[in-house]
$ cat final_12.tsv   # TSV, C-alpha atoms
chain	number	residue	atom	x	y	z
A	29	MET	CA	0.00	0.00	0.00
A	30	ALA	CA	1.49	3.30	-1.08
A	31	SER	CA	1.58	6.03	1.56
A	32	ASP	CA	-1.17	7.98	-0.22
A	33	LYS	CA	-3.59	5.03	-0.35
A	34	ALA	CA	-6.55	4.61	2.00
A	35	LEU	CA	-6.12	2.11	4.83
A	36	VAL	CA	-9.21	0.17	3.70
A	37	LEU	CA	-10.11	-1.49	0.38
A	38	ASN	CA	-13.48	-2.66	-1.02
A	39	VAL	CA	-15.40	-2.03	2.19
A	40	GLY	CA	-18.10	-4.44	3.34
A	41	SER	CA	-19.86	-4.91	6.67
A	42	ILE	CA	-21.13	-7.43	9.21
A	43	VAL	CA	-23.84	-9.58	7.59
A	44	PRO	CA	-26.97	-11.34	8.90
A	45	THR	CA	-26.84	-15.14	8.96
A	46	GLY	CA	-29.59	-17.77	9.29
A	47	MET	CA	-29.58	-21.56	9.74
A	48	ALA	CA	-29.55	-22.20	5.98
A	49	ASP	CA	-26.42	-20.04	5.69
A	50	ILE	CA	-24.64	-21.84	8.54
A	51	GLU	CA	-25.22	-25.21	6.88
A	52	ARG	CA	-23.64	-24.13	3.58
A	53	SER	CA	-20.51	-25.50	1.95
A	54	ASP	CA	-19.95	-23.27	-1.08
A	55	ALA	CA	-17.81	-24.03	-4.12
A	56	THR	CA	-18.20	-20.34	-4.99
A	57	PRO	CA	-18.34	-17.93	-2.05
A	58	TYR	CA	-21.70	-16.25	-1.49
A	59	GLN	CA	-20.09	-13.79	0.95
A	60	ARG	CA	-16.68	-12.17	0.88
A	61	PRO	CA	-14.22	-14.56	2.55
A	62	GLY	CA	-13.34	-13.26	6.00
A	63	THR	CA	-16.80	-11.74	6.50
A	64	ILE	CA	-17.99	-11.60	10.14
A	65	SER	CA	-21.53	-12.33	11.32
A	66	LEU	CA	-23.09	-11.83	14.75
A	67	ILE	CA	-25.94	-14.15	15.73
A	68	VAL	CA	-27.89	-14.90	18.91
A	69	ASP	CA	-29.47	-18.29	19.59
A	70	ALA	CA	-30.29	-20.40	22.65
A	71	TYR	CA	-26.57	-20.51	23.52
A	72	GLY	CA	-26.30	-16.71	23.50
A	73	LEU	CA	-24.11	-14.46	21.35
A	74	ARG	CA	-21.94	-16.12	18.70
A	75	VAL	CA	-19.43	-14.45	16.39
A	76	LEU	CA	-18.91	-16.27	13.08
A	77	LYS	CA	-16.35	-15.97	10.28
A	78	TYR	CA	-16.70	-17.08	6.64
A	79	ILE	CA	-13.53	-19.02	5.75
A	80	HIS	CA	-12.01	-20.98	2.84
A	81	ASN	CA	-11.13	-24.62	3.58
A	82	ARG	CA	-7.61	-25.23	2.19
A	83	SER	CA	-6.84	-28.25	4.39
A	84	GLY	CA	-6.76	-30.80	1.56
A	85	SER	CA	-9.80	-32.70	2.87
A	86	ALA	CA	-13.34	-32.14	4.08
A	87	THR	CA	-13.82	-30.83	7.61
A	88	ALA	CA	-16.42	-32.11	10.07
A	89	LYS	CA	-18.87	-30.39	12.39
A	90	GLY	CA	-17.24	-29.44	15.69
A	91	GLU	CA	-13.66	-29.61	14.42
A	92	LEU	CA	-11.25	-26.76	15.08
A	93	ALA	CA	-9.74	-24.83	12.16
A	94	SER	CA	-6.72	-22.53	12.02
A	95	LYS	CA	-5.27	-20.06	9.55
A	96	ARG	CA	-3.10	-21.44	6.80
A	97	ALA	CA	0.59	-20.65	7.29
A	98	ASN	CA	2.02	-17.52	5.70
A	99	THR	CA	4.22	-17.97	2.62
A	100	ALA	CA	7.66	-16.39	2.26
A	101	VAL	CA	8.53	-15.29	-1.27
A	102	ASN	CA	12.26	-14.57	-1.18
A	103	ASP	CA	14.45	-13.02	-3.87
A	104	ILE	CA	11.76	-12.26	-6.44
A	105	THR	CA	12.78	-12.23	-10.08
A	106	ALA	CA	12.91	-9.20	-12.35
A	107	ALA	CA	10.53	-10.72	-14.89
A	108	SER	CA	6.93	-9.56	-14.38
A	109	SER	CA	7.80	-7.42	-11.35
A	110	GLY	CA	6.37	-3.90	-11.07
A	111	THR	CA	4.15	-1.77	-8.86
A	112	GLY	CA	1.32	-4.28	-9.26
A	113	SER	CA	3.07	-7.61	-9.75
A	114	ALA	CA	5.96	-9.80	-8.62
A	115	GLY	CA	7.89	-12.44	-10.50
A	116	THR	CA	8.74	-15.62	-8.62
A	117	SER	CA	8.72	-19.42	-9.00
A	118	GLY	CA	7.32	-22.51	-7.36
A	119	LEU	CA	3.89	-21.23	-6.33
A	120	THR	CA	0.67	-23.20	-6.85
A	121	ALA	CA	-1.71	-21.34	-9.15
A	122	ASP	CA	-4.57	-19.47	-7.45
A	123	GLN	CA	-3.60	-20.66	-3.95
A	124	HIS	CA	-2.83	-17.19	-2.61
A	125	VAL	CA	-5.76	-15.11	-3.85
A	126	GLY	CA	-6.94	-12.69	-1.18
A	127	ARG	CA	-3.76	-12.82	0.87
A	128	LEU	CA	-2.01	-9.68	2.01
A	129	CYS	CA	1.31	-9.19	0.22
A	130	TYR	CA	3.76	-7.45	2.53
A	131	VAL	CA	7.11	-6.17	1.25
A	132	LEU	CA	9.55	-7.42	3.86
A	133	ASP	CA	12.76	-6.18	2.28
A	134	ASN	CA	13.86	-3.86	-0.52
A	135	ASP	CA	17.08	-5.48	-1.65
A	136	ASP	CA	18.70	-2.69	-3.65
A	137	THR	CA	17.96	0.25	-1.31
A	138	ALA	CA	17.69	-0.79	2.33
A	139	GLY	CA	14.57	0.56	4.01
A	140	ALA	CA	13.32	2.50	0.98
A	141	ALA	CA	9.85	2.11	-0.58
A	142	PRO	CA	8.16	-0.18	-1.22
A	143	GLU	CA	9.61	-1.84	1.87
A	144	GLY	CA	6.90	-2.00	4.54
A	145	GLU	CA	4.05	-1.52	2.05
A	146	VAL	CA	1.11	-3.90	1.70
A	147	SER	CA	-1.06	-4.91	-1.25
A	148	VAL	CA	-3.68	-7.62	-1.78
A	149	VAL	CA	-3.20	-10.61	-4.06
A	150	ALA	CA	-5.73	-10.60	-6.91
A	151	GLY	CA	-4.33	-13.73	-8.55
A	152	ASN	CA	-1.25	-15.87	-8.91
A	153	THR	CA	0.33	-18.38	-11.27
A	154	ALA	CA	3.37	-20.52	-10.52
A	155	THR	CA	5.64	-17.64	-11.53
A	156	LYS	CA	3.71	-14.40	-11.05
A	157	ILE	CA	1.77	-12.67	-8.28
A	158	THR	CA	-0.72	-10.03	-9.42
A	159	MET	CA	-1.91	-7.37	-6.96
A	160	GLU	CA	-5.27	-5.59	-6.81
A	161	SER	CA	-5.14	-2.98	-9.57
A	162	ASP	CA	-6.28	-0.11	-7.33
A	163	TYR	CA	-3.91	-1.00	-4.48
A	164	LYS	CA	-0.48	-1.05	-6.06
A	165	TYR	CA	2.84	-0.26	-4.43
A	166	SER	CA	4.26	3.25	-4.61
A	167	VAL	CA	7.46	1.97	-6.25
A	168	ALA	CA	8.02	-1.04	-8.49
A	169	LEU	CA	9.24	-4.25	-6.91
A	170	ALA	CA	12.69	-5.28	-8.10
A	171	VAL	CA	14.89	-8.36	-8.34
A	172	ASN	CA	15.75	-9.99	-4.98
A	173	ASP	CA	13.11	-8.09	-2.98
A	174	ASP	CA	11.49	-10.30	-0.29
A	175	LEU	CA	7.73	-10.64	0.24
A	176	VAL	CA	5.44	-12.36	2.73
A	177	LEU	CA	1.98	-13.60	1.68
A	178	ILE	CA	-0.11	-13.31	4.84
A	179	SER	CA	-3.11	-15.60	5.27
A	180	THR	CA	-6.37	-14.06	6.46
A	181	HIS	CA	-9.30	-16.39	5.65
A	182	ASP	CA	-7.60	-19.56	4.29
A	183	SER	CA	-8.14	-22.45	6.68
A	184	VAL	CA	-6.49	-25.76	7.61
A	185	ASP	CA	-6.99	-28.24	10.45
A	186	ALA	CA	-5.84	-26.83	13.75
A	187	ALA	CA	-2.73	-28.38	15.30
A	188	ASP	CA	-1.21	-28.71	18.73
A	189	GLY	CA	0.84	-25.60	19.41
A	190	ASP	CA	-1.16	-23.21	17.23
A	191	LEU	CA	-1.14	-19.69	18.61
A	192	ALA	CA	-4.57	-18.40	19.56
A	193	VAL	CA	-4.16	-15.49	17.12
A	194	ASN	CA	-3.86	-18.05	14.31
A	195	VAL	CA	-6.97	-20.11	15.17
A	196	HIS	CA	-10.15	-19.43	13.17
A	197	GLY	CA	-12.70	-21.37	15.22
A	198	VAL	CA	-15.07	-24.34	15.25
A	199	ILE	CA	-16.77	-25.68	12.10
A	200	LEU	CA	-20.54	-25.25	12.42
A	201	ALA	CA	-22.14	-26.95	9.39
A	202	GLN	CA	-23.80	-30.30	10.07
A	203	ASP	CA	-21.91	-31.86	7.14
A	204	GLY	CA	-18.74	-29.80	7.57
A	205	ILE	CA	-17.02	-27.83	4.81
A	206	LEU	CA	-15.77	-29.67	1.73
A	207	ASP	CA	-12.16	-29.27	0.64
A	208	ALA	CA	-11.53	-26.04	-1.31
A	209	GLN	CA	-15.01	-24.77	-0.39
A	210	TYR	CA	-16.25	-21.96	1.84
A	211	GLY	CA	-18.28	-22.01	5.03
A	212	TRP	CA	-18.78	-20.63	8.52
A	213	VAL	CA	-16.78	-21.18	11.69
A	214	GLN	CA	-17.57	-19.87	15.15
A	215	MET	CA	-14.84	-17.80	16.79
A	216	GLU	CA	-16.57	-16.40	19.88
A	217	GLY	CA	-19.20	-17.65	22.34
A	218	TYR	CA	-20.48	-21.00	23.58
A	219	VAL	CA	-20.19	-24.00	21.26
A	220	VAL	CA	-20.02	-27.78	21.50
A	221	SER	CA	-16.62	-28.71	20.10
A	222	LYS	CA	-14.68	-31.88	19.36
A	223	LEU	CA	-12.29	-32.55	22.27
A	224	LEU	CA	-9.03	-34.36	22.81
A	225	SER	CA	-9.61	-37.65	24.64
A	226	ALA	CA	-8.60	-36.41	28.08
A	227	ALA	CA	-9.97	-35.09	31.35
A	228	PHE	CA	-10.94	-31.42	31.37
A	229	THR	CA	-11.51	-29.34	34.51
A	230	ALA	CA	-14.39	-26.87	34.36
A	231	GLY	CA	-13.20	-23.29	34.00
A	232	ASN	CA	-9.72	-24.13	32.75
A	233	PRO	CA	-8.26	-22.62	29.59
A	234	VAL	CA	-8.23	-24.75	26.44
A	235	VAL	CA	-5.88	-24.78	23.45
A	236	ALA	CA	-5.75	-26.01	19.87
A	237	ASP	CA	-4.97	-29.65	19.19
A	238	ALA	CA	-5.28	-31.86	16.08
A	239	ALA	CA	-8.50	-30.43	14.53
A	240	GLN	CA	-9.94	-30.28	18.04
A	241	ILE	CA	-9.80	-28.58	21.42
A	242	GLY	CA	-7.13	-29.78	23.86
A	243	THR	CA	-6.19	-29.32	27.50
A	244	PHE	CA	-3.80	-26.44	28.25
A	245	GLY	CA	-1.43	-28.37	30.55
A	246	THR	CA	1.48	-25.95	31.02
A	247	ASP	CA	0.80	-24.02	27.79
A	248	GLY	CA	1.14	-20.25	28.06
A	249	GLN	CA	-1.77	-17.90	27.49
A	250	GLU	CA	-0.58	-17.17	23.94
A	251	LEU	CA	-2.10	-20.59	23.06
A	252	TRP	CA	-5.38	-20.26	24.97
A	253	VAL	CA	-8.41	-20.21	22.64
A	254	GLY	CA	-11.11	-20.12	25.30
A	255	LEU	CA	-12.45	-21.92	28.38
A	256	ILE	CA	-14.01	-25.34	29.04
A	257	LYS	CA	-17.36	-24.65	30.73
A	258	ALA	CA	-18.09	-28.07	32.26
A	259	ALA	CA	-15.90	-30.91	33.46
A	260	VAL	CA	-15.17	-33.79	31.08
A	261	THR	CA	-13.96	-37.19	32.27
A	262	ALA	CA	-11.15	-38.97	30.41
A	263	ASP	CA	-13.38	-41.98	29.70
A	264	GLN	CA	-16.22	-39.99	28.10
A	265	ALA	CA	-17.18	-41.90	24.95
A	266	ALA	CA	-18.43	-38.83	23.08
A	267	GLU	CA	-15.29	-36.73	22.72
A	268	ARG	CA	-16.97	-33.35	22.77
A	269	GLY	CA	-17.74	-30.67	25.29
A	270	LEU	CA	-19.05	-27.18	25.92
A	271	VAL	CA	-16.42	-24.54	25.20
A	272	GLN	CA	-16.55	-20.75	25.43
A	273	LEU	CA	-14.41	-19.56	22.54
A	274	LYS	CA	-12.54	-16.26	22.83
A	275	LEU	CA	-11.10	-15.77	19.35
A	276	PHE	CA	-12.83	-12.63	18.09
A	277	SER	CA	-10.21	-10.80	20.05
A	278	SER	CA	-8.07	-13.86	20.72
A	279	ALA	CA	-7.66	-15.18	24.25
A	280	GLY	CA	-3.91	-15.28	23.77
A	281	PRO	CA	-1.72	-12.14	23.57
A	282	GLY	CA	0.20	-12.96	20.39
A	283	THR	CA	3.45	-14.85	19.99
A	284	ALA	CA	4.54	-14.69	23.64
A	285	PRO	CA	3.04	-14.52	27.15

$ encode --input "final_12.tsv" --output "structure tokens"
Amino acid sequence: MASDKALVLNVGSIVPTGMADIERSDATPYQRPGTISLIVDAYGLRVLKYIHNRSGSATAKGELASKRANTAVNDITAASSGTGSAGTSGLTADQHVGRLCYVLDNDDTAGAAPEGEVSVVAGNTATKITMESDYKYSVALAVNDDLVLISTHDSVDAADGDLAVNVHGVILAQDGILDAQYGWVQMEGYVVSKLLSAAFTAGNPVVADAAQIGTFGTDGQELWVGLIKAAVTADQAAERGLVQLKLFSSAGPGTAP
């Protein structure tokens, strides 16, 4: 983003959501990915997010999803690079659409523009990243500049050790979200979630585990995604429980306690 650009692009807003919407798994998004919805039901207030399943397989109701990892694009090539594009190699076509493209380093003039600027990926091939046409950099990218493609709404299965700030939430649809499709997760409020097979103490923090909620053990608060609201015994056959998610403004403080 050039210094004279607005700090917002293509503005939308919070949207209303009904049961039919929550049950969707969309090959083509019906809302802008990353859209937030506030609903109230018998459980109380819930905050939802519309995400894109990039996990490589279908997700299931109650599973926990996290953001896809950021992608480093180091030492871009001169070919195709400009104020609105970057030449590179080894990318998978169309896998980075919608990501934020941050200029980490200007190789030829340390600290000078466009270092520190941000654009939005409109499309990508294996060898070229194209930015949104009305959100170009102030200065052309050049050979050996370094970029970071930052994930916002792409989703994969959660994993043990995921930071709270990188966790999207719990899959809501009865039949889950199919691979490469779009759907809703819950990021805030009470929800019945898939749990690690373990004992949980009511009121304790909980963390991400393998596509599920896990016990916090000695994990620091940077991993806490919410609270378990009722005790769960280790021998409970149905590995699920009532969780209060706190991911709208994540329970954890970032990368460190």

$ closest_residue --input "final_12.tsv" --among "A:Asn38, A:Thr111, A:Thr243, A:Thr45" --to "Gly126 of chain A" --atoms "only C-alpha atoms"
A:Asn38

$ residues_around --input "final_12.tsv" --residues "segment 266-275 of chain A" --least-positions-apart "2" --cutoff "6 Å" --atoms "only C-alpha atoms" --output "list in words"
Met215, Glu216, Gly217, Tyr218, Val219, Val220, Ser221, Lys222, Leu223, Val253, Gly254, Leu255, Ile256, Lys257, Gln264, Ser277, Ser278 and Ala279 of chain A

$ residues_around --input "final_12.tsv" --residues "Thr137 of chain A" --least-positions-apart "6" --cutoff "12 Å" --atoms "all atoms listed in the file" --output "list in words"
Glu143, Val167, Leu169, Ala170, Val171, Asn172 and Asp173 of chain A

$ closest_residue --input "final_12.tsv" --among "A:Phe244, A:Trp212, A:Phe228, A:Phe276" --to "Ala259 of chain A" --atoms "all atoms listed in the file"
A:Phe228

$ residues_around --input "final_12.tsv" --residues "segment 186-190 of chain A" --least-positions-apart "2" --cutoff "6 Å" --atoms "all atoms listed in the file" --output "list of chain:residue names"
A:Leu92, A:Ala93, A:Ser94, A:Ala236, A:Asp237, A:Ala238, A:Ala239

$ closest_residue --input "final_12.tsv" --among "A:Glu91, A:Asp133, A:Asp162, A:Asp263" --to "Val36 of chain A" --atoms "all atoms listed in the file"
A:Asp162

$ closest_residue --input "final_12.tsv" --among "A:Thr283, A:Gln202, A:Ser147, A:Asn134" --to "Arg52 of chain A" --atoms "only C-alpha atoms"
A:Gln202

$ closest_residue --input "final_12.tsv" --among "A:His80, A:His181, A:Lys156, A:Lys89" --to "Ser108 of chain A" --atoms "all atoms listed in the file"
A:Lys156

$ atom_distance --input "final_12.tsv" --atom1 "atom CA of Asp174 of chain A" --atom2 "atom CA of Val39 of chain A"
28.2 Å

$ closest_residue --input "final_12.tsv" --among "A:Ile205, A:Val149, A:Val198, A:Val125" --to "Gly84 of chain A" --atoms "all atoms listed in the file"
A:Ile205

$ residues_near_point --input "final_12.tsv" --point "(-16.0, -34.2, 3.3)" --cutoff "9 Å" --atoms "only C-alpha atoms" --output "PyMOL selection string"
chain A and resi 85-88+203-207

$ write_last_selection --input "final_12.tsv" --atoms "C-alpha atoms" --output "PDB file, in the frame of the given file"
ATOM      1  CA  SER A  85      -9.800 -32.700   2.870  1.00  0.00           C
ATOM      2  CA  ALA A  86     -13.340 -32.140   4.080  1.00  0.00           C
ATOM      3  CA  THR A  87     -13.820 -30.830   7.610  1.00  0.00           C
ATOM      4  CA  ALA A  88     -16.420 -32.110  10.070  1.00  0.00           C
ATOM      5  CA  ASP A 203     -21.910 -31.860   7.140  1.00  0.00           C
ATOM      6  CA  GLY A 204     -18.740 -29.800   7.570  1.00  0.00           C
ATOM      7  CA  ILE A 205     -17.020 -27.830   4.810  1.00  0.00           C
ATOM      8  CA  LEU A 206     -15.770 -29.670   1.730  1.00  0.00           C
ATOM      9  CA  ASP A 207     -12.160 -29.270   0.640  1.00  0.00           C
TER      10      ASP A 207
END

$ atom_distance --input "final_12.tsv" --atom1 "atom CA of Leu37 of chain A" --atom2 "atom CA of Asp182 of chain A"
18.7 Å

$ atom_distance --input "final_12.tsv" --atom1 "atom CA of Glu160 of chain A" --atom2 "atom CA of Cys129 of chain A"
10.3 Å

$ residues_around --input "final_12.tsv" --residues "segment 112-121 of chain A" --least-positions-apart "4" --cutoff "7 Å" --atoms "all atoms listed in the file" --output "ChimeraX atom specification"
/A:104-108,152-159,161,164-165,169

$ residues_around --input "final_12.tsv" --residues "segment 62-68 of chain A" --least-positions-apart "6" --cutoff "9 Å" --atoms "only C-alpha atoms" --output "VMD selection string"
chain A and resid 40 to 46 74 to 80 180 to 182

$ decode --input "final_12.tsv" --residues "segment 178-196 of chain A" --atoms "N, CA and C atoms" --output "short mmCIF file (atom, residue, chain, number, x, y, z; two decimals), in the first residue's frame"
data_model
loop_
_atom_site.label_atom_id
_atom_site.label_comp_id
_atom_site.auth_asym_id
_atom_site.auth_seq_id
_atom_site.Cartn_x
_atom_site.Cartn_y
_atom_site.Cartn_z
N ILE A 178 0.47 -13.12 3.51
CA ILE A 178 -0.11 -13.31 4.84
C ILE A 178 -1.54 -13.82 4.71
N SER A 179 -1.79 -14.96 5.33
CA SER A 179 -3.11 -15.60 5.27
C SER A 179 -4.10 -14.87 6.16
N THR A 180 -5.31 -14.68 5.66
CA THR A 180 -6.37 -14.06 6.46
C THR A 180 -7.57 -14.99 6.64
N HIS A 181 -8.10 -15.56 5.56
CA HIS A 181 -9.30 -16.39 5.65
C HIS A 181 -9.08 -17.83 5.20
N ASP A 182 -7.89 -18.17 4.64
CA ASP A 182 -7.60 -19.56 4.29
C ASP A 182 -7.52 -20.39 5.56
N SER A 183 -8.00 -21.64 5.48
CA SER A 183 -8.14 -22.45 6.68
C SER A 183 -7.58 -23.85 6.50
N VAL A 184 -6.96 -24.37 7.55
CA VAL A 184 -6.49 -25.76 7.61
C VAL A 184 -6.90 -26.33 8.96
N ASP A 185 -6.72 -27.64 9.14
CA ASP A 185 -6.99 -28.24 10.45
C ASP A 185 -6.09 -27.61 11.50
N ALA A 186 -6.65 -27.32 12.65
CA ALA A 186 -5.84 -26.83 13.75
C ALA A 186 -4.83 -27.90 14.18
N ALA A 187 -3.77 -27.47 14.84
CA ALA A 187 -2.73 -28.38 15.30
C ALA A 187 -2.28 -27.99 16.70
N ASP A 188 -1.77 -28.96 17.42
CA ASP A 188 -1.21 -28.71 18.73
C ASP A 188 -0.11 -27.66 18.61
N GLY A 189 -0.16 -26.65 19.44
CA GLY A 189 0.84 -25.60 19.41
C GLY A 189 0.44 -24.37 18.63
N ASP A 190 -0.71 -24.40 17.96
CA ASP A 190 -1.16 -23.21 17.23
C ASP A 190 -1.39 -22.05 18.20
N LEU A 191 -0.86 -20.89 17.83
CA LEU A 191 -1.14 -19.69 18.61
C LEU A 191 -2.61 -19.33 18.50
N ALA A 192 -3.17 -18.78 19.57
CA ALA A 192 -4.57 -18.40 19.56
C ALA A 192 -4.87 -17.41 18.44
N VAL A 193 -3.92 -16.50 18.16
CA VAL A 193 -4.16 -15.49 17.12
C VAL A 193 -4.22 -16.11 15.73
N ASN A 194 -3.82 -17.38 15.61
CA ASN A 194 -3.86 -18.05 14.31
C ASN A 194 -5.00 -19.07 14.20
N VAL A 195 -5.85 -19.14 15.19
CA VAL A 195 -6.97 -20.11 15.17
C VAL A 195 -8.23 -19.40 14.69
N HIS A 196 -8.91 -20.00 13.69
CA HIS A 196 -10.15 -19.43 13.17
C HIS A 196 -11.34 -19.71 14.09
#
